[in-house]
>>> print(open('target-v7.cif').read())   # mmCIF, C-alpha atoms and all ligand atoms
data_query
loop_
_atom_site.label_atom_id
_atom_site.label_comp_id
_atom_site.auth_asym_id
_atom_site.auth_seq_id
_atom_site.Cartn_x
_atom_site.Cartn_y
_atom_site.Cartn_z
CA MET A 1 53.00 -16.79 7.84
CA ALA A 2 51.78 -17.41 11.35
CA ILE A 3 48.43 -16.38 12.76
CA VAL A 4 48.68 -13.20 14.79
CA ILE A 5 46.54 -13.03 17.92
CA LYS A 6 45.61 -9.46 18.80
CA THR A 7 45.46 -7.96 22.28
CA SER A 8 42.35 -6.06 23.28
CA GLN A 9 44.32 -2.80 22.78
CA GLU A 10 45.12 -3.87 19.22
CA VAL A 11 41.48 -4.76 18.58
CA GLU A 12 40.56 -1.28 19.84
CA LYS A 13 42.92 0.23 17.27
CA MET A 14 41.37 -1.91 14.56
CA ARG A 15 37.95 -0.67 15.64
CA ARG A 16 39.11 2.82 14.66
CA SER A 17 40.35 1.65 11.26
CA GLY A 18 37.11 -0.25 10.80
CA ALA A 19 34.94 2.74 11.71
CA VAL A 20 36.81 4.94 9.21
CA VAL A 21 36.43 2.34 6.45
CA ARG A 22 32.69 2.31 7.13
CA GLU A 23 32.57 6.12 7.00
CA ILE A 24 34.34 6.15 3.62
CA LEU A 25 32.05 3.48 2.18
CA GLU A 26 28.92 5.30 3.35
CA TYR A 27 30.26 8.54 1.86
CA VAL A 28 31.15 6.95 -1.49
CA ARG A 29 27.78 5.18 -1.67
CA GLY A 30 26.20 8.63 -1.94
CA PHE A 31 27.96 9.15 -5.28
CA VAL A 32 26.56 6.01 -6.89
CA LYS A 33 24.12 7.13 -9.56
CA SER A 34 23.47 6.67 -13.27
CA GLY A 35 26.01 8.68 -15.28
CA ALA A 36 28.70 8.69 -12.59
CA THR A 37 31.98 6.95 -13.43
CA THR A 38 33.89 4.64 -11.16
CA MET A 39 36.63 7.30 -11.16
CA ASP A 40 34.07 9.69 -9.59
CA LEU A 41 33.73 7.16 -6.76
CA GLU A 42 37.52 6.91 -6.45
CA ASN A 43 37.85 10.70 -6.35
CA ALA A 44 35.20 10.95 -3.65
CA ALA A 45 37.03 8.32 -1.60
CA VAL A 46 40.37 10.08 -2.02
CA ARG A 47 38.82 13.36 -0.81
CA LYS A 48 37.34 11.66 2.24
CA ILE A 49 40.59 9.85 3.03
CA GLU A 50 42.52 13.13 2.84
CA GLU A 51 39.94 14.92 4.97
CA LEU A 52 40.21 12.19 7.62
CA GLY A 53 44.00 12.16 7.41
CA VAL A 54 44.29 8.37 7.12
CA LYS A 55 46.30 6.11 4.83
CA PRO A 56 44.65 4.07 2.08
CA ALA A 57 45.41 0.36 2.31
CA PHE A 58 45.02 -0.71 -1.32
CA LYS A 59 46.89 1.99 -3.26
CA GLY A 60 50.37 0.65 -4.01
CA TYR A 61 49.53 -2.82 -2.67
CA HIS A 62 51.34 -5.07 -5.17
CA GLY A 63 51.17 -2.08 -7.51
CA TYR A 64 47.38 -1.60 -7.27
CA PRO A 65 46.72 1.96 -8.53
CA CYS A 66 43.67 3.15 -6.52
CA VAL A 67 42.15 3.48 -3.04
CA LEU A 68 38.98 1.64 -4.08
CA CYS A 69 38.14 -1.47 -6.01
CA THR A 70 34.96 -0.89 -8.04
CA SER A 71 33.49 -3.96 -9.69
CA ILE A 72 30.40 -3.65 -11.89
CA ASN A 73 27.91 -6.43 -12.73
CA GLN A 74 29.87 -9.51 -13.94
CA GLU A 75 33.03 -8.13 -12.35
CA VAL A 76 33.63 -10.06 -9.14
CA VAL A 77 36.38 -8.11 -7.33
CA HIS A 78 39.42 -5.89 -7.93
CA GLY A 79 37.88 -3.74 -10.67
CA ILE A 80 40.06 -0.65 -11.18
CA PRO A 81 38.27 2.72 -11.10
CA SER A 82 38.21 4.39 -14.51
CA ALA A 83 36.85 7.63 -15.99
CA LYS A 84 35.65 5.48 -18.90
CA ARG A 85 33.44 3.22 -16.80
CA VAL A 86 30.03 4.82 -16.53
CA LEU A 87 27.43 3.47 -14.09
CA ARG A 88 24.02 2.80 -15.65
CA GLU A 89 20.57 2.42 -14.09
CA GLY A 90 20.12 -1.20 -13.06
CA ASP A 91 23.83 -1.98 -12.65
CA ILE A 92 25.21 -3.33 -9.41
CA VAL A 93 28.58 -2.05 -8.22
CA SER A 94 30.83 -3.44 -5.53
CA ILE A 95 32.87 -0.88 -3.62
CA ASP A 96 35.78 -2.27 -1.62
CA THR A 97 38.22 -0.21 0.44
CA GLY A 98 40.69 -0.34 3.28
CA VAL A 99 42.70 2.05 5.46
CA ILE A 100 45.66 1.96 7.79
CA ILE A 101 45.52 3.90 11.06
CA ASP A 102 48.36 3.72 13.56
CA GLY A 103 49.70 0.70 11.67
CA TYR A 104 46.44 -1.27 11.80
CA TYR A 105 44.27 -2.15 8.83
CA GLY A 106 40.53 -2.20 8.25
CA ASP A 107 38.89 -3.67 5.13
CA SER A 108 35.24 -3.76 4.04
CA ALA A 109 33.10 -3.95 0.92
CA ILE A 110 29.50 -3.37 -0.09
CA THR A 111 27.60 -3.96 -3.32
CA VAL A 112 24.92 -1.43 -4.20
CA PRO A 113 22.37 -1.00 -7.00
CA VAL A 114 22.54 1.96 -9.36
CA GLY A 115 19.18 3.76 -9.37
CA GLU A 116 15.79 2.30 -8.46
CA LYS A 117 15.14 0.03 -11.43
CA ILE A 118 17.04 -3.03 -10.29
CA ALA A 119 16.10 -6.43 -11.75
CA PRO A 120 14.57 -8.75 -9.12
CA LYS A 121 17.31 -11.33 -9.66
CA ALA A 122 20.05 -8.73 -9.12
CA GLN A 123 18.33 -7.50 -5.95
CA ARG A 124 18.05 -11.08 -4.73
CA LEU A 125 21.77 -11.60 -5.40
CA LEU A 126 22.58 -8.54 -3.26
CA ASP A 127 20.25 -9.66 -0.45
CA VAL A 128 21.54 -13.24 -0.44
CA THR A 129 25.21 -12.22 -0.52
CA LYS A 130 24.68 -9.83 2.38
CA ALA A 131 22.73 -12.49 4.30
CA SER A 132 25.50 -15.04 3.67
CA LEU A 133 28.05 -12.65 5.20
CA GLU A 134 25.78 -12.17 8.23
CA ARG A 135 25.40 -15.93 8.65
CA GLY A 136 29.16 -16.38 8.30
CA ILE A 137 29.68 -13.78 11.04
CA GLN A 138 27.13 -15.54 13.26
CA ALA A 139 29.22 -18.73 13.00
CA VAL A 140 32.24 -16.95 14.53
CA ARG A 141 33.25 -17.57 18.15
CA ALA A 142 36.33 -18.99 19.87
CA GLY A 143 36.27 -22.77 19.40
CA ALA A 144 34.30 -22.70 16.13
CA THR A 145 36.22 -23.57 12.95
CA LEU A 146 36.95 -21.93 9.64
CA GLY A 147 34.80 -24.65 8.09
CA ASP A 148 31.86 -23.46 10.22
CA ILE A 149 32.16 -20.00 8.64
CA GLY A 150 32.53 -21.36 5.10
CA ALA A 151 29.66 -23.79 5.47
CA ALA A 152 27.37 -21.08 6.87
CA VAL A 153 28.08 -18.79 3.91
CA GLN A 154 27.87 -21.55 1.32
CA ASN A 155 24.56 -22.90 2.67
CA VAL A 156 22.82 -19.54 2.37
CA VAL A 157 24.17 -18.98 -1.15
CA GLU A 158 23.49 -22.41 -2.59
CA ALA A 159 20.00 -22.63 -1.07
CA GLU A 160 19.15 -19.75 -3.42
CA GLY A 161 20.73 -21.40 -6.48
CA PHE A 162 23.67 -18.99 -6.53
CA SER A 163 27.34 -20.01 -6.31
CA VAL A 164 30.32 -19.14 -4.16
CA VAL A 165 33.63 -18.09 -5.77
CA ARG A 166 36.47 -20.44 -4.81
CA GLU A 167 39.56 -18.66 -6.22
CA PHE A 168 39.32 -15.71 -3.82
CA VAL A 169 38.87 -16.02 -0.08
CA GLY A 170 38.75 -13.92 3.07
CA HIS A 171 41.82 -13.48 5.25
CA GLY A 172 43.33 -12.55 8.58
CA ILE A 173 44.12 -8.84 8.99
CA GLY A 174 46.15 -6.73 11.43
CA THR A 175 49.38 -4.86 10.75
CA SER A 176 49.15 -6.31 7.21
CA LEU A 177 46.16 -6.30 4.87
CA HIS A 178 46.45 -10.04 4.39
CA GLU A 179 47.47 -12.31 7.25
CA ASP A 180 46.84 -15.98 7.82
CA PRO A 181 44.51 -17.76 7.95
CA GLN A 182 42.69 -17.84 4.63
CA VAL A 183 38.92 -17.69 5.19
CA PRO A 184 37.10 -19.59 2.43
CA ASN A 185 33.42 -18.95 1.73
CA PHE A 186 32.83 -22.69 1.42
CA GLY A 187 33.62 -25.64 3.61
CA ARG A 188 32.22 -28.15 6.02
CA ARG A 189 31.05 -27.66 9.55
CA GLY A 190 33.62 -28.72 12.13
CA GLN A 191 36.49 -28.80 9.64
CA GLY A 192 39.53 -26.56 9.32
CA MET A 193 41.38 -24.51 11.88
CA LYS A 194 39.83 -23.63 15.21
CA LEU A 195 39.15 -19.94 15.82
CA ARG A 196 40.75 -18.35 18.86
CA GLU A 197 39.93 -15.24 20.83
CA GLY A 198 41.95 -12.31 19.44
CA MET A 199 41.98 -13.46 15.84
CA VAL A 200 40.80 -10.74 13.46
CA LEU A 201 39.35 -11.92 10.16
CA CYS A 202 37.95 -10.45 6.98
CA ILE A 203 34.95 -12.47 5.86
CA GLU A 204 34.11 -11.58 2.27
CA PRO A 205 31.71 -13.73 0.27
CA MET A 206 31.87 -13.27 -3.50
CA VAL A 207 28.68 -14.73 -4.95
CA ASN A 208 27.83 -15.36 -8.60
CA SER A 209 24.31 -15.66 -9.96
CA GLY A 210 25.58 -18.35 -12.37
CA ARG A 211 28.60 -20.64 -12.29
CA PRO A 212 31.33 -20.12 -9.68
CA ASP A 213 34.23 -19.89 -12.15
CA VAL A 214 36.09 -16.60 -12.52
CA GLN A 215 38.94 -15.29 -14.66
CA VAL A 216 41.26 -12.30 -14.36
CA LEU A 217 41.27 -9.79 -17.23
CA ALA A 218 44.38 -8.60 -19.11
CA ASP A 219 44.72 -5.62 -16.70
CA GLY A 220 46.02 -8.19 -14.22
CA TRP A 221 43.42 -7.25 -11.57
CA THR A 222 39.77 -7.33 -12.62
CA ALA A 223 38.20 -10.70 -11.84
CA VAL A 224 35.04 -11.48 -13.82
CA THR A 225 32.63 -14.39 -13.96
CA GLN A 226 33.52 -16.76 -16.80
CA ASP A 227 29.88 -17.16 -17.80
CA GLY A 228 29.14 -13.43 -17.68
CA SER A 229 26.67 -13.82 -14.81
CA LEU A 230 26.28 -11.11 -12.15
CA SER A 231 28.46 -11.15 -9.06
CA ALA A 232 28.16 -9.47 -5.65
CA HIS A 233 30.62 -8.98 -2.78
CA PHE A 234 30.21 -7.92 0.85
CA GLU A 235 33.00 -7.82 3.42
CA HIS A 236 33.45 -7.09 7.12
CA THR A 237 36.47 -7.12 9.40
CA VAL A 238 35.55 -9.03 12.58
CA ALA A 239 37.30 -9.87 15.84
CA VAL A 240 36.84 -13.31 17.42
CA THR A 241 35.72 -13.41 21.07
CA LYS A 242 34.46 -16.20 23.33
CA ASP A 243 30.88 -15.09 22.81
CA GLY A 244 31.01 -14.43 19.08
CA ALA A 245 32.20 -11.93 16.52
CA VAL A 246 32.66 -8.22 17.07
CA VAL A 247 32.19 -6.48 13.73
CA LEU A 248 34.88 -3.79 13.53
CA THR A 249 33.67 -2.28 10.24
CA GLN A 250 30.09 -1.69 11.47
N1 LIG B 1 39.27 -6.50 0.04
C1 LIG B 1 40.24 -6.99 -0.92
C2 LIG B 1 41.12 -8.00 -0.26
O1 LIG B 1 41.09 -8.13 0.88
C3 LIG B 1 40.93 -5.90 -1.59
C4 LIG B 1 42.35 -6.01 -1.94
S1 LIG B 1 42.59 -5.08 -3.34
C5 LIG B 1 44.20 -4.72 -3.45
O2 LIG B 1 41.80 -8.78 -0.88
F1 LIG B 1 44.32 -3.90 -4.38
F2 LIG B 1 44.59 -4.15 -2.36
F3 LIG B 1 44.89 -5.82 -3.65
CO CO B 2 39.62 -8.24 2.16
#
>>> encode(input="target-v7.cif", output="structure tokens")
Amino acid sequence: MAIVIKTSQEVEKMRRSGAVVREILEYVRGFVKSGATTMDLENAAVRKIEELGVKPAFKGYHGYPCVLCTSINQEVVHGIPSAKRVLREGDIVSIDTGVIIDGYYGDSAITVPVGEKIAPKAQRLLDVTKASLERGIQAVRAGATLGDIGAAVQNVVEAEGFSVVREFVGHGIGTSLHEDPQVPNFGRRGQGMKLREGMVLCIEPMVNSGRPDVQVLADGWTAVTQDGSLSAHFEHTVAVTKDGAVVLTQ
């Protein structure tokens, strides 16, 4: 698939999708508490999506059954909401969602603690993963490379002794959820494809507190760390300009 350069009108449309994704995530975050199930989060998201009159991006995507991905603790990404999965004090839960408005996609994820009693190492994992996304975004501008983004993310993560997942990467986004190019969270400065104005990318570091290796469970979706260590995930949709990134899911 080729890389699709967006016009400024298209980027404006994606700003709307991005803003709605943010609104849904902020709404759902309010339902994260000990005793809630990941299906409660899904139901909250569905209500918000219906109220806003937008289309969910994930439901039906390659047969995915829900509007959210909810991934707890050692789950890395693509956890499927379930009435049997109860959030407990001290857990961390990644909430990932996307919408389609007027044909254009937005995609973003956050990882949040459940309750106040979060272990220092889990809190540090959240802080470092979020910081790595911010550093990745700071590396974006026309003329920079994909390797600049990956290296920026990887440096932040590995300086803290955490590891970056290799099997899943960020992606271009537009009138499809996944467009070229792939956007790895690792790499070397100056290497890889040059970024151009009008590219729109999802940067989404998945960071493990232990080893980087992951495996997919028998449900065909849920990715978990092989060593059982905690994992966090943050994602933004960003547009490339001459001066830097414009975060569309802010
Ligand atoms: N943010 C994820 C991604 O970009 C979510 C996709 S989940 C799926 O890959 F269900 F839609 F596949
Ligand atoms: Co994504």
>>> atom_distance(input="target-v7.cif", atom1="CA of Ala83 in chain A", atom2="CA of Ala36 in chain A")
8.9 Å
>>> residues_around(input="target-v7.cif", residues="Ser108 in chain A", least_positions_apart="4", cutoff="7 Å", atoms="only C-alpha atoms", output="short mmCIF file (atom, residue, chain, number, x, y, z; two decimals) with C-alpha atoms, keeping the file's coordinate frame")
data_model
loop_
_atom_site.label_atom_id
_atom_site.label_comp_id
_atom_site.auth_asym_id
_atom_site.auth_seq_id
_atom_site.Cartn_x
_atom_site.Cartn_y
_atom_site.Cartn_z
CA VAL A 21 36.43 2.34 6.45
CA ASP A 96 35.78 -2.27 -1.62
CA THR A 97 38.22 -0.21 0.44
CA GLY A 98 40.69 -0.34 3.28
CA GLU A 235 33.00 -7.82 3.42
CA HIS A 236 33.45 -7.09 7.12
CA THR A 237 36.47 -7.12 9.40
CA THR A 249 33.67 -2.28 10.24
#
>>> residues_near_ligand(input="target-v7.cif", ligand="ligand CO 2 (chain B)", cutoff="7 Å", atoms="only C-alpha atoms and all ligand atoms", output="PyMOL selection string")
chain A and resi 107-108+170-171+202+204+235
>>> atom_distance(input="target-v7.cif", atom1="CA of Ala232 in chain A", atom2="CA of Ser94 in chain A")
6.6 Å
>>> residues_near_point(input="target-v7.cif", point="(43.3, 8.6, 5.1)", cutoff="10 Å", atoms="only C-alpha atoms", output="PyMOL selection string")
chain A and resi 17+20-21+24+45-57+67+98-101
